[in-house]
Amino acid sequence: METSTPKIGKFSLNYGLILGGLGVVFALMLFISDAHVSQSPVNSIISIVMSIAVIFWGILNFRKANQGLLSVGQAVKLGAGIALVSGIISVIWMLLLTNVLDPDFKSKSIELSLAAAAEQGTLTAEQLQQQKEMSLQYWEAFAYPGILIGSILIGLVIGLVGGLIFKKSAPDY
């Protein structure tokens, strides 16, 4: 009696949409409260906790649909797939934010990140301006792929940890 394994792609899509939706809601809350440029570690922690929760939820529901069985490989694929779908939604949100809602977002975030260097006095005003201009030029080339790659890497790690925690093999008999 052979039973079919649930599709990892279906679970990745469903839970990726959930995680992406939660991420957009969180980002929208930050935008409305004018904290979307903030580089607070709290925002990063909240995003990672959301990712862990949704990916673990997806892994557990996959295991449940798979008759209680789960391999580490399946969990890693789920983590990466969920994170990929969520990352694509994040890129779409970032495109909307930077091109429609807040066209000055790039400049604001770069200025905020360069403020620390300006405070330390390690760079001259001219060097800071050059750094800002270079950062703006490379934003498009590196920011969006960076979001996707970062999401997938985080998803791989979370999936691996989830797989190690929740793995269950079929009995040998």
# chains A, B, ... in the order shown; residues from 1 in each chain; ligands from 1

$ residues_around --residues "A:Leu60" --least-positions-apart "2" --cutoff "12 Å" --atoms "only C-alpha atoms" --output "JSON, numbers by chain"
{"A": [11, 15, 52, 53, 54, 55, 56, 57, 58, 62, 63, 64, 65, 66, 67, 68, 69, 70, 71, 74, 75, 78, 79, 159, 162, 163, 165, 166, 167, 168]}

$ write_last_selection --atoms "C-alpha atoms" --output "tab-separated table (two decimals), in the first residue's frame"
chain	number	residue	atom	x	y	z
A	11	PHE	CA	3.48	23.91	1.15
A	15	TYR	CA	3.42	29.26	3.83
A	52	ILE	CA	11.07	30.97	12.34
A	53	ALA	CA	7.43	30.68	13.42
A	54	VAL	CA	5.97	30.39	9.91
A	55	ILE	CA	8.66	28.05	8.59
A	56	PHE	CA	8.36	25.76	11.63
A	57	TRP	CA	4.57	25.87	11.22
A	58	GLY	CA	4.93	24.85	7.58
A	62	PHE	CA	3.98	19.06	6.13
A	63	ARG	CA	5.00	16.34	8.58
A	64	LYS	CA	1.38	15.98	9.67
A	65	ALA	CA	0.24	15.64	6.03
A	66	ASN	CA	3.05	13.14	5.41
A	67	GLN	CA	1.77	10.64	7.98
A	68	GLY	CA	4.03	12.02	10.68
A	69	LEU	CA	7.22	11.49	8.68
A	70	LEU	CA	9.80	14.15	7.87
A	71	SER	CA	13.37	14.06	6.65
A	74	GLN	CA	12.42	17.84	3.14
A	75	ALA	CA	12.57	20.41	5.96
A	78	LEU	CA	10.53	23.65	2.76
A	79	GLY	CA	12.51	26.33	4.59
A	159	GLY	CA	14.69	24.65	7.67
A	162	GLY	CA	13.51	22.63	12.02
A	163	GLY	CA	14.42	19.42	10.24
A	165	ILE	CA	14.21	19.15	15.62
A	166	PHE	CA	11.13	17.67	13.91
A	167	LYS	CA	12.58	14.82	11.80
A	168	LYS	CA	10.90	11.48	12.08

$ residues_around --residues "A:Leu148" --least-positions-apart "2" --cutoff "8 Å" --atoms "only C-alpha atoms" --output "VMD selection string"
chain A and resid 84 87 to 88 91 144 to 146 150 to 152

$ write_last_selection --atoms "N, CA, C and O atoms" --output "short mmCIF file (atom, residue, chain, number, x, y, z; two decimals), in the first residue's frame"
data_model
loop_
_atom_site.label_atom_id
_atom_site.label_comp_id
_atom_site.auth_asym_id
_atom_site.auth_seq_id
_atom_site.Cartn_x
_atom_site.Cartn_y
_atom_site.Cartn_z
N LEU A 84 11.94 31.69 -0.16
CA LEU A 84 12.01 32.22 -1.53
C LEU A 84 10.72 32.96 -1.89
O LEU A 84 10.77 34.09 -2.39
N GLY A 87 10.61 36.06 0.06
CA GLY A 87 11.59 37.01 -0.46
C GLY A 87 11.10 37.71 -1.71
O GLY A 87 11.34 38.91 -1.90
N ILE A 88 10.43 36.97 -2.58
CA ILE A 88 9.87 37.58 -3.80
C ILE A 88 8.82 38.63 -3.43
O ILE A 88 8.79 39.73 -3.99
N VAL A 91 10.62 41.69 -2.17
CA VAL A 91 11.19 42.49 -3.27
C VAL A 91 10.09 43.33 -3.92
O VAL A 91 10.29 44.52 -4.21
N TYR A 144 18.00 44.29 -4.24
CA TYR A 144 16.93 43.31 -4.50
C TYR A 144 17.46 41.88 -4.55
O TYR A 144 16.87 40.99 -3.92
N PRO A 145 18.56 41.61 -5.26
CA PRO A 145 19.11 40.26 -5.19
C PRO A 145 19.56 39.91 -3.76
O PRO A 145 19.45 38.75 -3.34
N GLY A 146 20.04 40.91 -3.03
CA GLY A 146 20.46 40.68 -1.65
C GLY A 146 19.31 40.25 -0.76
O GLY A 146 19.47 39.39 0.12
N GLY A 150 19.49 36.65 0.85
CA GLY A 150 19.41 36.64 2.32
C GLY A 150 18.22 35.84 2.82
O GLY A 150 18.34 35.06 3.78
N SER A 151 17.07 36.01 2.17
CA SER A 151 15.88 35.26 2.56
C SER A 151 16.10 33.76 2.42
O SER A 151 15.76 32.98 3.31
N ILE A 152 16.67 33.36 1.29
CA ILE A 152 16.88 31.93 1.05
C ILE A 152 17.87 31.36 2.05
O ILE A 152 17.65 30.26 2.59
#

$ closest_residue --among "A:Ala141, A:Leu112, A:Ala125, A:Val157" --to "A:Val37" --atoms "only C-alpha atoms"
A:Leu112

$ atom_distance --atom1 "atom CA of A:Ala170" --atom2 "atom CA of A:Gly81"
24.0 Å
